[in-house]
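Note: the block below is work.cif and it holds mmCIF, C-alpha atoms.
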data_work
#
loop_
_atom_site.label_atom_id
_atom_site.label_comp_id
_atom_site.auth_asym_id
_atom_site.auth_seq_id
_atom_site.Cartn_x
_atom_site.Cartn_y
_atom_site.Cartn_z
CA MET A 106 24.28 44.68 -70.42
CA SER A 107 27.23 42.69 -69.24
CA VAL A 108 27.90 42.32 -65.56
CA GLN A 109 31.17 40.49 -65.95
CA PRO A 110 33.86 42.02 -63.78
CA ALA A 111 36.14 43.87 -66.14
CA GLU A 112 39.20 43.62 -63.97
CA PRO A 113 40.09 41.79 -60.78
CA ARG A 114 38.95 43.65 -57.69
CA VAL A 115 42.36 44.62 -56.48
CA ALA A 116 44.14 45.69 -59.60
CA ALA A 117 46.58 48.23 -58.28
CA SER A 118 47.56 49.92 -55.08
CA GLY A 119 46.55 53.47 -54.29
CA ALA A 120 50.10 54.68 -54.81
CA GLU A 121 50.28 53.04 -58.24
CA LEU A 122 47.01 54.63 -59.29
CA SER A 123 48.17 58.03 -58.11
CA ALA A 124 51.39 57.58 -60.06
CA LEU A 125 49.35 56.95 -63.22
CA ILE A 126 47.58 60.29 -62.85
CA VAL A 127 50.91 62.01 -62.28
CA ALA A 128 52.27 60.33 -65.44
CA ILE A 129 49.38 61.80 -67.41
CA ALA A 130 50.02 65.22 -65.92
CA THR A 131 53.75 65.25 -66.54
CA ARG A 132 54.05 63.52 -69.92
CA ALA A 133 50.56 62.97 -71.37
CA ASP A 134 51.15 59.24 -70.93
CA ARG A 135 48.48 57.41 -72.94
CA GLU A 136 49.44 54.03 -71.58
CA ALA A 137 48.99 55.30 -68.04
CA PHE A 138 45.60 56.58 -69.12
CA GLY A 139 44.71 53.16 -70.47
CA ARG A 140 45.56 51.48 -67.18
CA LEU A 141 43.70 54.08 -65.18
CA PHE A 142 40.71 53.72 -67.49
CA ARG A 143 40.65 49.94 -67.16
CA HIS A 144 40.74 50.25 -63.39
CA PHE A 145 38.36 53.12 -62.78
CA ALA A 146 35.89 53.33 -65.66
CA PRO A 147 34.13 50.04 -64.74
CA ARG A 148 33.98 51.12 -61.09
CA VAL A 149 32.65 54.56 -61.90
CA LYS A 150 30.05 52.96 -64.17
CA SER A 151 29.08 50.59 -61.37
CA TYR A 152 28.77 53.46 -58.88
CA LEU A 153 26.59 55.43 -61.31
CA VAL A 154 24.35 52.46 -62.11
CA ARG A 155 23.82 51.84 -58.41
CA SER A 156 22.92 55.45 -57.91
CA GLY A 157 20.15 55.03 -60.44
CA LEU A 158 21.54 56.00 -63.85
CA PRO A 159 20.58 53.81 -66.81
CA ALA A 160 23.53 51.70 -67.99
CA ASN A 161 24.13 53.64 -71.20
CA ALA A 162 24.13 57.01 -69.42
CA ALA A 163 26.43 55.57 -66.74
CA GLU A 164 28.77 54.31 -69.44
CA GLU A 165 28.86 57.72 -71.10
CA LEU A 166 29.47 59.48 -67.78
CA ALA A 167 32.23 57.01 -66.88
CA GLN A 168 33.88 57.99 -70.18
CA GLU A 169 33.45 61.67 -69.36
CA THR A 170 34.90 61.14 -65.90
CA LEU A 171 38.05 59.54 -67.24
CA LEU A 172 38.41 62.16 -69.98
CA THR A 173 38.17 64.80 -67.28
CA VAL A 174 40.92 62.99 -65.41
CA TRP A 175 43.07 63.28 -68.54
CA ARG A 176 42.40 66.98 -68.94
CA LYS A 177 42.77 67.90 -65.29
CA ALA A 178 45.50 65.51 -64.22
CA ALA A 179 47.79 68.44 -63.43
CA TYR A 180 45.36 69.54 -60.76
CA PHE A 181 45.72 66.26 -58.90
CA ASP A 182 47.90 66.40 -55.82
CA PRO A 183 48.74 62.91 -54.54
CA THR A 184 49.73 64.30 -51.15
CA ARG A 185 46.23 65.62 -50.62
CA ALA A 186 43.92 62.92 -51.90
CA ALA A 187 43.79 59.32 -53.02
CA ALA A 188 43.24 58.76 -56.74
CA SER A 189 39.90 57.10 -55.95
CA THR A 190 38.67 60.07 -53.91
CA TRP A 191 39.69 62.54 -56.59
CA ILE A 192 37.99 60.51 -59.30
CA PHE A 193 34.92 59.95 -57.12
CA THR A 194 34.66 63.74 -56.74
CA ILE A 195 34.83 64.24 -60.50
CA ALA A 196 32.15 61.59 -61.10
CA ARG A 197 29.98 63.12 -58.37
CA ASN A 198 30.17 66.57 -59.93
CA LEU A 199 29.51 65.29 -63.43
CA SER A 200 26.48 63.34 -62.24
CA ILE A 201 25.04 66.38 -60.45
CA ASP A 202 25.51 68.27 -63.68
CA LEU A 203 23.91 65.51 -65.73
CA LYS A 204 20.82 65.32 -63.52
CA ARG A 205 20.43 69.06 -63.87
CA ARG A 206 20.80 68.89 -67.67
CA GLU A 207 18.26 66.10 -67.93
CA ARG A 208 15.69 68.13 -66.09
CA TYR A 209 16.31 71.55 -67.52
CA GLY A 210 18.11 71.09 -70.80
CA ASP A 211 21.33 72.77 -71.74
CA THR A 212 20.33 76.36 -71.20
CA TYR A 213 22.34 76.74 -68.04
CA LYS A 214 26.05 76.26 -68.26
CA ALA A 215 27.89 76.10 -64.99
CA GLU A 216 30.73 78.54 -65.49
CA THR A 217 32.94 77.02 -62.88
CA HIS A 218 32.86 73.57 -64.40
CA GLU A 219 35.00 74.54 -67.33
CA ASP A 220 38.11 75.45 -65.42
CA GLU A 221 37.64 73.94 -62.03
CA VAL A 222 36.29 70.49 -61.51
CA ASP A 223 34.29 71.82 -58.66
CA GLU A 224 32.59 74.82 -57.21
CA THR A 225 33.22 74.94 -53.50
CA SER A 226 33.48 71.30 -52.61
CA GLY A 227 35.79 68.82 -54.17
CA GLU A 228 39.49 69.04 -54.58
CA THR A 229 40.01 72.11 -52.49
CA ILE A 230 38.78 70.35 -49.36
CA LEU A 231 40.14 66.88 -49.88
CA MET A 232 42.27 65.30 -47.25
CA THR A 233 45.75 63.90 -47.15
CA ALA A 234 46.66 60.50 -48.47
CA GLU A 235 47.49 59.26 -45.02
CA ARG A 236 44.07 60.05 -43.72
CA GLU A 237 42.58 58.34 -46.77
CA ALA A 238 44.03 55.08 -45.56
CA ARG A 239 42.63 55.67 -42.11
CA VAL A 240 39.17 56.37 -43.53
CA ARG A 241 39.30 52.90 -45.01
CA ALA A 242 40.30 51.52 -41.62
CA ALA A 243 37.32 53.28 -40.04
CA LEU A 244 34.97 51.79 -42.64
CA ALA A 245 36.30 48.34 -41.85
CA LYS A 246 35.19 48.78 -38.23
CA LEU A 247 31.51 49.13 -39.14
CA SER A 248 29.25 46.13 -38.67
CA GLU A 249 28.05 44.47 -41.85
CA GLU A 250 24.63 46.06 -41.51
CA GLN A 251 26.12 49.48 -40.86
CA ALA A 252 28.41 49.13 -43.86
CA THR A 253 25.38 48.29 -46.02
CA ILE A 254 23.57 51.35 -44.68
CA VAL A 255 26.53 53.64 -45.39
CA ARG A 256 26.90 52.24 -48.91
CA LEU A 257 23.20 52.63 -49.70
CA SER A 258 23.12 56.10 -48.14
CA PHE A 259 25.89 57.09 -50.50
CA PHE A 260 24.56 55.54 -53.64
CA GLN A 261 20.80 55.88 -53.43
CA GLU A 262 18.90 59.06 -54.00
CA LYS A 263 16.11 57.87 -51.67
CA PRO A 264 18.09 55.60 -49.40
CA HIS A 265 15.62 55.08 -46.55
CA SER A 266 13.12 52.97 -48.49
CA GLN A 267 15.92 51.05 -50.19
CA ILE A 268 17.52 50.30 -46.84
CA ALA A 269 14.17 49.23 -45.37
CA GLN A 270 13.70 46.85 -48.28
CA GLU A 271 17.20 45.47 -48.29
CA LEU A 272 17.28 44.84 -44.54
CA GLY A 273 13.62 43.78 -44.38
CA ILE A 274 12.68 46.34 -41.73
CA PRO A 275 9.94 48.99 -41.51
CA LEU A 276 10.68 52.46 -42.86
CA GLY A 277 10.65 54.08 -39.42
CA THR A 278 13.14 51.54 -38.12
CA ALA A 279 15.30 52.11 -41.19
CA LYS A 280 15.43 55.83 -40.43
CA SER A 281 16.67 55.28 -36.90
CA ARG A 282 19.19 52.64 -38.02
CA VAL A 283 20.52 55.10 -40.60
CA ARG A 284 20.95 57.69 -37.89
CA LEU A 285 22.81 55.22 -35.66
CA ALA A 286 25.03 53.96 -38.47
CA LEU A 287 25.96 57.43 -39.68
CA ASN A 288 26.65 58.65 -36.16
CA ARG A 289 28.96 55.69 -35.66
CA LEU A 290 30.68 56.37 -38.98
CA ARG A 291 31.15 59.99 -38.01
CA ALA A 292 32.54 59.09 -34.59
CA LEU A 293 35.01 56.70 -36.24
CA LEU A 294 36.00 59.35 -38.77
CA GLU A 295 36.48 61.92 -36.04
CA ASP A 296 38.85 59.61 -34.25
CA LEU A 297 41.11 60.21 -37.23
CA LYS A 298 41.87 63.74 -36.17
CA MET B 221 17.39 67.31 -27.87
CA SER B 222 19.66 70.32 -27.74
CA ALA B 223 19.86 72.70 -30.63
CA SER B 224 22.17 71.76 -33.48
CA THR B 225 23.62 74.64 -35.41
CA HIS B 226 25.32 72.51 -38.07
CA PRO B 227 23.99 70.32 -40.87
CA GLY B 228 23.28 66.76 -39.70
CA THR B 229 25.59 63.91 -40.59
CA GLU B 230 23.10 62.51 -43.08
CA THR B 231 22.86 65.90 -44.80
CA LEU B 232 26.65 66.20 -45.05
CA LEU B 233 26.82 62.67 -46.38
CA ARG B 234 24.21 63.40 -49.04
CA TYR B 235 26.12 66.56 -49.90
CA ALA B 236 29.33 64.55 -50.31
CA ALA B 237 27.52 61.86 -52.28
CA GLY B 238 26.00 64.45 -54.60
CA THR B 239 22.41 63.45 -53.84
CA LEU B 240 21.32 66.52 -51.87
CA PRO B 241 18.90 68.64 -53.94
CA ALA B 242 20.11 72.01 -55.25
CA GLY B 243 18.38 74.20 -52.64
CA PRO B 244 19.71 72.52 -49.51
CA ARG B 245 23.03 72.04 -51.30
CA LEU B 246 23.31 75.79 -51.70
CA LEU B 247 22.64 76.33 -47.99
CA VAL B 248 25.22 73.71 -47.06
CA ASP B 249 27.70 75.47 -49.39
CA VAL B 250 27.02 78.71 -47.55
CA HIS B 251 27.49 76.99 -44.19
CA LEU B 252 30.71 75.22 -45.25
CA ASP B 253 32.14 78.53 -46.33
CA GLY B 254 32.16 79.61 -42.70
CA CYS B 255 32.57 76.30 -40.89
CA PRO B 256 35.97 74.55 -40.97
CA GLU B 257 34.62 71.73 -38.80
CA CYS B 258 31.92 70.73 -41.29
CA ARG B 259 34.37 71.22 -44.17
CA ALA B 260 36.62 68.65 -42.51
CA THR B 261 33.70 66.25 -42.09
CA VAL B 262 32.76 66.65 -45.77
CA ALA B 263 36.37 66.01 -46.76
CA ARG B 264 36.34 62.77 -44.76
CA LEU B 265 33.04 61.78 -46.31
CA MET B 266 34.47 62.44 -49.78
CA SER B 267 37.19 59.97 -48.87
CA VAL B 268 34.48 57.54 -47.84
CA GLY B 269 33.10 58.02 -51.36
CA GLY B 270 36.53 57.23 -52.79
CA ALA B 271 36.81 54.13 -50.63
CA LEU B 272 33.34 52.97 -51.70
CA LEU B 273 34.27 53.57 -55.33
CA ASP B 274 37.28 51.32 -54.80
CA THR B 275 35.06 48.53 -53.55
CA CYS B 276 32.39 48.85 -56.26
CA GLU B 277 32.10 45.63 -58.19
CA PRO B 278 33.46 46.68 -61.60
CA LEU B 279 30.82 46.78 -64.33
CA ALA B 280 32.22 46.09 -67.79
CA LEU B 281 32.05 48.85 -70.36
CA ALA B 282 31.44 48.30 -74.05
CA PRO B 283 34.41 46.44 -75.60
CA ASP B 284 35.46 49.49 -77.60
CA ALA B 285 35.10 51.93 -74.68
CA LEU B 286 38.80 52.42 -74.09
CA ASP B 287 39.50 52.82 -77.82
CA ARG B 288 36.81 55.45 -78.06
CA ALA B 289 38.22 57.27 -75.04
CA LEU B 290 41.75 57.13 -76.48
CA ALA B 291 40.46 58.52 -79.77
CA ARG B 292 38.87 61.39 -77.93
CA LEU B 293 42.10 62.20 -76.09
CA ASP B 294 43.58 63.59 -79.29
CA GLY B 295 41.37 66.60 -79.08
CA LEU B 296 42.11 67.15 -75.40
CA SER B 297 45.52 68.06 -74.16
CA PRO B 298 46.14 67.70 -70.46
CA ARG B 299 46.63 71.01 -68.76
CA ARG B 300 50.29 71.59 -68.41
CA ASN B 301 50.63 74.10 -65.70
CA PRO B 302 49.53 73.16 -62.23
CA ALA B 303 50.89 76.48 -60.97
CA ALA B 304 47.98 78.07 -62.79
CA LEU B 305 45.65 76.37 -60.35
CA HIS B 306 47.41 77.72 -57.30
CA HIS B 307 47.42 81.11 -58.88
CA ALA B 308 43.70 80.88 -59.53
CA GLU B 309 43.13 79.69 -55.98
CA ALA B 310 45.17 82.55 -54.58
CA ALA B 311 43.20 84.98 -56.67
CA GLY B 312 39.99 83.44 -55.33
CA ALA B 313 39.24 81.77 -58.68
CA PRO B 314 37.31 83.70 -61.32
CA SER B 315 35.22 86.09 -59.30
CA PRO B 316 31.56 85.19 -59.74
CA LYS B 317 29.15 87.81 -60.94
CA ARG B 318 27.34 89.68 -58.23
CA TRP B 319 23.79 90.86 -58.52
CA PRO B 320 22.68 94.10 -56.91
CA LEU B 321 20.80 93.65 -53.65
CA PRO B 322 17.14 92.98 -54.33
CA GLU B 323 14.62 95.70 -53.80
CA GLY B 324 13.39 95.65 -50.23
CA LEU B 325 16.57 94.24 -48.69
CA LYS B 326 18.74 96.39 -46.46
CA LEU B 327 21.71 94.85 -44.75
CA PRO B 328 23.02 96.18 -41.44
CA PRO B 329 26.47 97.82 -41.58
CA GLY B 330 29.24 95.28 -41.94
CA VAL B 331 26.93 92.50 -43.11
CA VAL B 332 27.30 91.10 -46.63
CA LEU B 333 25.45 88.33 -48.36
CA PRO B 334 27.46 85.08 -48.52
CA PRO B 335 29.24 84.88 -51.93
CA ALA B 336 27.22 81.80 -52.95
CA ILE B 337 24.05 83.88 -52.50
CA ALA B 338 25.31 87.22 -53.80
CA SER B 339 26.00 85.55 -57.15
CA ARG B 340 22.32 84.63 -57.50
CA ARG B 341 19.46 86.74 -58.67
CA ILE B 342 17.05 87.40 -55.83
CA GLY B 343 13.53 88.58 -56.46
CA ARG B 344 12.09 91.70 -54.87
CA LEU B 345 11.27 91.20 -51.19
CA VAL B 346 7.52 91.29 -50.65
CA PRO B 347 5.62 91.46 -47.36
CA VAL B 348 3.94 88.16 -46.57
CA ALA B 349 2.94 88.70 -42.94
CA PRO B 350 3.28 91.54 -40.44
CA GLY B 351 7.00 92.27 -40.09
CA VAL B 352 7.95 89.53 -42.54
CA ARG B 353 9.26 90.00 -46.07
CA LEU B 354 10.56 87.38 -48.39
CA GLY B 355 12.20 87.11 -51.77
CA LEU B 356 12.91 84.13 -53.98
CA VAL B 357 16.54 83.19 -54.64
CA HIS B 358 16.79 82.00 -58.26
CA LEU B 359 18.92 78.95 -58.88
CA GLU B 360 19.78 78.74 -62.55
CA GLU B 361 20.86 75.15 -62.09
CA ASP B 362 17.49 74.17 -60.66
CA PRO B 363 14.65 76.60 -61.37
CA ASP B 364 12.28 74.50 -59.26
CA ALA B 365 14.39 74.76 -56.12
CA GLN B 366 12.68 76.72 -53.38
CA VAL B 367 15.24 78.91 -51.70
CA LEU B 368 13.74 81.83 -49.81
CA LEU B 369 15.37 84.90 -48.32
CA PHE B 370 13.52 86.13 -45.25
CA ARG B 371 13.80 89.53 -43.64
CA ILE B 372 11.96 89.52 -40.34
CA ALA B 373 11.40 92.34 -37.87
CA PRO B 374 12.59 92.11 -34.24
CA GLY B 375 10.37 90.01 -31.99
CA ARG B 376 8.35 88.50 -34.85
CA ALA B 377 7.65 84.84 -35.34
CA ILE B 378 9.10 83.19 -38.42
CA PRO B 379 6.19 82.12 -40.62
CA GLN B 380 5.58 78.42 -40.59
CA HIS B 381 4.50 76.69 -43.70
CA THR B 382 3.54 73.18 -44.49
CA HIS B 383 6.10 71.13 -46.29
CA ALA B 384 7.15 67.55 -46.56
CA GLY B 385 10.68 66.57 -45.63
CA LEU B 386 13.42 68.61 -44.07
CA GLU B 387 13.57 72.36 -43.94
CA PHE B 388 16.95 74.07 -43.73
CA THR B 389 17.40 77.57 -42.35
CA HIS B 390 20.66 79.51 -42.48
CA VAL B 391 21.05 82.69 -40.45
CA ILE B 392 22.79 85.55 -42.25
CA CYS B 393 22.38 88.16 -39.53
CA GLY B 394 20.38 88.64 -36.37
CA GLY B 395 19.09 85.58 -34.60
CA PHE B 396 16.09 83.60 -33.48
CA SER B 397 15.10 81.09 -30.84
CA ASP B 398 12.94 78.02 -30.77
CA PRO B 399 12.25 75.62 -27.91
CA ASP B 400 15.54 73.84 -28.68
CA GLY B 401 17.78 76.87 -28.44
CA HIS B 402 19.11 80.02 -30.01
CA TYR B 403 20.58 80.45 -33.47
CA GLY B 404 22.84 83.19 -34.78
CA PRO B 405 24.84 84.16 -37.87
CA GLY B 406 26.41 81.21 -39.69
CA ASP B 407 24.18 78.64 -38.01
CA LEU B 408 22.30 76.14 -40.08
CA VAL B 409 19.17 74.61 -38.61
CA GLU B 410 17.54 71.48 -39.92
CA CYS B 411 14.03 70.61 -38.93
CA ASP B 412 11.48 68.02 -39.89
CA GLY B 413 8.41 69.23 -41.73
CA ASP B 414 6.11 67.59 -39.24
CA VAL B 415 7.75 69.17 -36.21
CA ASP B 416 5.72 72.06 -34.94
CA HIS B 417 8.02 74.69 -33.58
CA SER B 418 7.61 78.43 -33.47
CA PRO B 419 10.90 80.21 -33.96
CA ARG B 420 10.89 83.81 -32.81
CA VAL B 421 13.31 86.50 -33.90
CA ASP B 422 15.41 88.24 -31.23
CA ASP B 423 14.05 91.50 -29.85
CA ASP B 424 17.20 93.49 -30.52
CA GLY B 425 17.33 93.42 -34.30
CA GLU B 426 16.09 92.14 -37.63
CA CYS B 427 16.87 88.63 -38.71
CA ILE B 428 17.86 87.91 -42.29
CA CYS B 429 17.92 84.22 -43.10
CA LEU B 430 17.67 81.72 -45.92
CA ALA B 431 15.36 78.74 -46.09
CA ALA B 432 15.49 75.73 -48.40
CA PHE B 433 13.54 72.54 -48.59
CA ASP B 434 14.34 68.94 -49.18
CA GLY B 435 11.88 67.44 -51.59
CA ARG B 436 9.82 69.17 -54.08
CA ILE B 437 7.09 71.45 -52.85
CA ARG B 438 5.57 73.34 -55.71
CA PHE B 439 4.14 76.71 -54.93
CA ARG B 440 2.22 78.15 -57.81
CA GLY B 441 4.32 81.24 -58.41
CA LEU B 442 5.04 83.87 -55.84
CA LEU B 443 1.37 84.63 -55.31
CA GLY B 444 0.62 81.00 -54.51
CA MET B 445 3.42 81.11 -52.04
CA VAL B 446 2.26 84.34 -50.46
CA THR B 447 -1.28 83.11 -50.08
CA ARG B 448 -0.17 79.80 -48.64
CA PRO B 449 -1.46 79.80 -45.07
CA PHE B 450 1.25 80.87 -42.71
CA ILE B 451 0.43 79.88 -39.16
#

In structure tokens, how does this file's structure come out?
Amino acid sequence: MSVQPAEPRVAASGAELSALIVAIATRADREAFGRLFRHFAPRVKSYLVRSGLPANAAEELAQETLLTVWRKAAYFDPTRAAASTWIFTIARNLSIDLKRRERYGDTYKAETHEDEVDETSGETILMTAEREARVRAALAKLSEEQATIVRLSFFQEKPHSQIAQELGIPLGTAKSRVRLALNRLRALLEDLK
Amino acid sequence: MSASTHPGTETLLRYAAGTLPAGPRLLVDVHLDGCPECRATVARLMSVGGALLDTCEPLALAPDALDRALARLDGLSPRRNPAALHHAEAAGAPSPKRWPLPEGLKLPPGVVLPPAIASRRIGRLVPVAPGVRLGLVHLEEDPDAQVLLFRIAPGRAIPQHTHAGLEFTHVICGGFSDPDGHYGPGDLVECDGDVDHSPRVDDDGECICLAAFDGRIRFRGLLGMVTRPFI
């Protein structure tokens, strides 16, 4: 498994990425898809690997995520969500679906997933692009430790023990630090109102 | 600590991250349906997810990954008509199937099951303690998920059961109190498995509520569940 960065960290601005999705929606632009793929597929794969998927499954799901972006590009509204948030939501839903399939096989087919990317969460409750930028500003205000906690809370299925290990603190302490960090995150996010 | 009637921040974050198990996720869905405040928090947390995705160190895909994806595009045309989405949204999307009310469940006038629950098959409600009936809500997407529908007579205590991890309770109608406060329709209560509290249903009416558990407690069938010691 290669861990070489596939693309420099800052490859494109949010507005440029949004414009690529719009180009797919309006004119089935394969070149735009290629650029979007090169930017997001390695990040989606990285997110999925961190959340515990084996590399090959993460690779497959990253492919699926970007193919879903192609199919559903017309559903993307750049005034309501950043490209990264929209794509995160798609990857999130696909990974929920994958975990379910792994455990129970293919007998259950989520009806809603065919037409809508999501059931009740997801695109319908995403926020405006402006607030997206302010969410990033809020994240930047967290201390380094709090930022680590938020990241691990997002990516790990059992975050408490992972956080305890990574910060070298007992499990009980980790739990209270998580509570503090998430309360601070929430307070910062609520300032965005 | 005063009573919280909303999911905790960590629960909403796990919901946004996609790591909350199916049972609690269903209860959070039900809560979000009626709670604009928590919907807004989840939307912000989804944006946090987007921001974290942006800062993920890219992990290279196989060299031919993009070529394979491009080859697969030929079979997939992008949807052309975004208006179709708005139309579907306006029409409330494809209406999910509704199961008949389970045997043993009567709802007071004007009360309906939340749509996310009405679309699930619920087993017959069986008596498990004096004044307490419960039925199992079947989650096709996770047959092991323990989501229970309780119907409890006025003034009765809600049966306590041993479990590890968080328990989530959502009130559909009626209400109950515990030492922390009072809970009514639309409220979602989270409590730790090791916390000993004795919620008691209001005297003026039945309480119908849902319970789900974080973590995997395996009852052996309905009988195992019924015979599990309720305190």

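Against the coordinates shown, the PyMOL selection byres ((chain A and resi 188) around 7) returns Gly119, Leu122, Ser123, Ala186, Ala187, Ser189, Thr190, Trp191 and Ile192 of chain A.
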
Separation of atom CA of B:Pro256 from atom CA of A:Asp296, in Å and rounded to one decimal: 16.6 Å

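Considering all atoms listed in the file, the residue among A:Asn288, A:Val240, A:Arg208, A:Phe193 positioned nearest to B:Ala237 is A:Phe193.
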
Assuming the chain letters and numbering stay as they are in my file, what does the PyMOL selection byres ((chain A and resi 247) around 12) actually select? List them as a ChimeraX atom specification. /A:240-246,248-256,285-294

Would you list the contacts of stretch 367-378 of chain B as an NGL selection string, taking every protein, DNA or RNA residue within 6 Å and counting all atoms listed in the file, but skipping same-chain residues closer than 6 positions in sequence? :B and (243 or 351-357 or 419-423 or 425-432)

So how many Å separate atom CA of A:Glu207 and atom CA of A:Ala167, to one decimal?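 A separation of 16.7 Å between them.
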
Taking 5 positions as the minimum chain separation for residues in the same chain, which residues sit within 12 Å of B:His226 when counting all atoms listed in the file? Answer as an MDAnalysis selection string. chainID B and resid 231:232 247:252 254:259 261 388:391 403:411

Is it possible to get the residues within 8 Å of (25.8, 63.1, -66.1) (coordinates as in the file, counting only C-alpha atoms) written as JSON, numbers by chain? {"A": [162, 163, 165, 166, 199, 200, 201, 202, 203, 204, 206]}

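Considering the residues B:Pro328, B:Pro363, B:Gly401, B:Pro322 and counting only C-alpha atoms, chain A has its shortest atom-to-atom contact with B:Pro363.
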
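Distances from B:Ala242, B:Ala236, B:Ala263, B:Leu327 to chain A were compared using all atoms listed in the file, and the smallest one belongs to B:Ala263.
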
Anything within 6 Å of (46.0, 63.9, -66.4): list those residues as a PyMOL selection string, counting all atoms listed in the file and sticking to the file's coordinates. (chain A and resi 126+129-130+174-179) or (chain B and resi 298)

Among listed residues A:Lys263, A:Arg148, A:Arg239, A:Arg282, nearest B:Leu281 (using only C-alpha atoms):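 Among A:Lys263, A:Arg148, A:Arg239, A:Arg282, it is A:Arg148 that comes nearest to B:Leu281.
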
Let me make sure I understand: among B:Asp274, B:Leu246, B:Met266, B:Leu345, which one has the smallest atom-to-atom distance to A:Lys150 if we use all atoms listed in the file? B:Asp274

Report as an MDAnalysis selection string the full result of the PyMOL selection byres ((chain B and resi 284-294) around 9) when it is applied to this structure. (chainID A and resid 135 138:139 142:143 146 164 168:169 171:172 175:176) or (chainID B and resid 281:283 295:298)

Quick one: write out the picked residues with C-alpha atoms as a PDB file, keeping the file's coordinate frame?
ATOM      1  CA  ARG A 135      48.480  57.410 -72.940  1.00  0.00           C
ATOM      2  CA  PHE A 138      45.600  56.580 -69.120  1.00  0.00           C
ATOM      3  CA  GLY A 139      44.710  53.160 -70.470  1.00  0.00           C
ATOM      4  CA  PHE A 142      40.710  53.720 -67.490  1.00  0.00           C
ATOM      5  CA  ARG A 143      40.650  49.940 -67.160  1.00  0.00           C
ATOM      6  CA  ALA A 146      35.890  53.330 -65.660  1.00  0.00           C
ATOM      7  CA  GLU A 164      28.770  54.310 -69.440  1.00  0.00           C
ATOM      8  CA  GLN A 168      33.880  57.990 -70.180  1.00  0.00           C
ATOM      9  CA  GLU A 169      33.450  61.670 -69.360  1.00  0.00           C
ATOM     10  CA  LEU A 171      38.050  59.540 -67.240  1.00  0.00           C
ATOM     11  CA  LEU A 172      38.410  62.160 -69.980  1.00  0.00           C
ATOM     12  CA  TRP A 175      43.070  63.280 -68.540  1.00  0.00           C
ATOM     13  CA  ARG A 176      42.400  66.980 -68.940  1.00  0.00           C
TER      14      ARG A 176
ATOM     15  CA  LEU B 281      32.050  48.850 -70.360  1.00  0.00           C
ATOM     16  CA  ALA B 282      31.440  48.300 -74.050  1.00  0.00           C
ATOM     17  CA  PRO B 283      34.410  46.440 -75.600  1.00  0.00           C
ATOM     18  CA  GLY B 295      41.370  66.600 -79.080  1.00  0.00           C
ATOM     19  CA  LEU B 296      42.110  67.150 -75.400  1.00  0.00           C
ATOM     20  CA  SER B 297      45.520  68.060 -74.160  1.00  0.00           C
ATOM     21  CA  PRO B 298      46.140  67.700 -70.460  1.00  0.00           C
TER      22      PRO B 298
END

Nearest to chain A among B:Gly269, B:Pro399, B:Pro334, B:Pro227, with distances taken over all atoms listed in the file: which residue is it?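 Selected residue with least distance to chain A: B:Gly269.
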
Have a look at atom CA of B:Cys276 and atom CA of A:Ala137 and let me know their distance in Å, one decimal.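 Going from atom CA of B:Cys276 over to atom CA of A:Ala137, I get 21.4 Å.
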
Surrounding residues of B:Val332 excluding itself and chain neighbours under 4 positions, 12 Å, only C-alpha atoms, as JSON, numbers by chain: {"B": [318, 320, 321, 325, 326, 327, 328, 336, 337, 338, 339, 392, 393, 405, 428]}
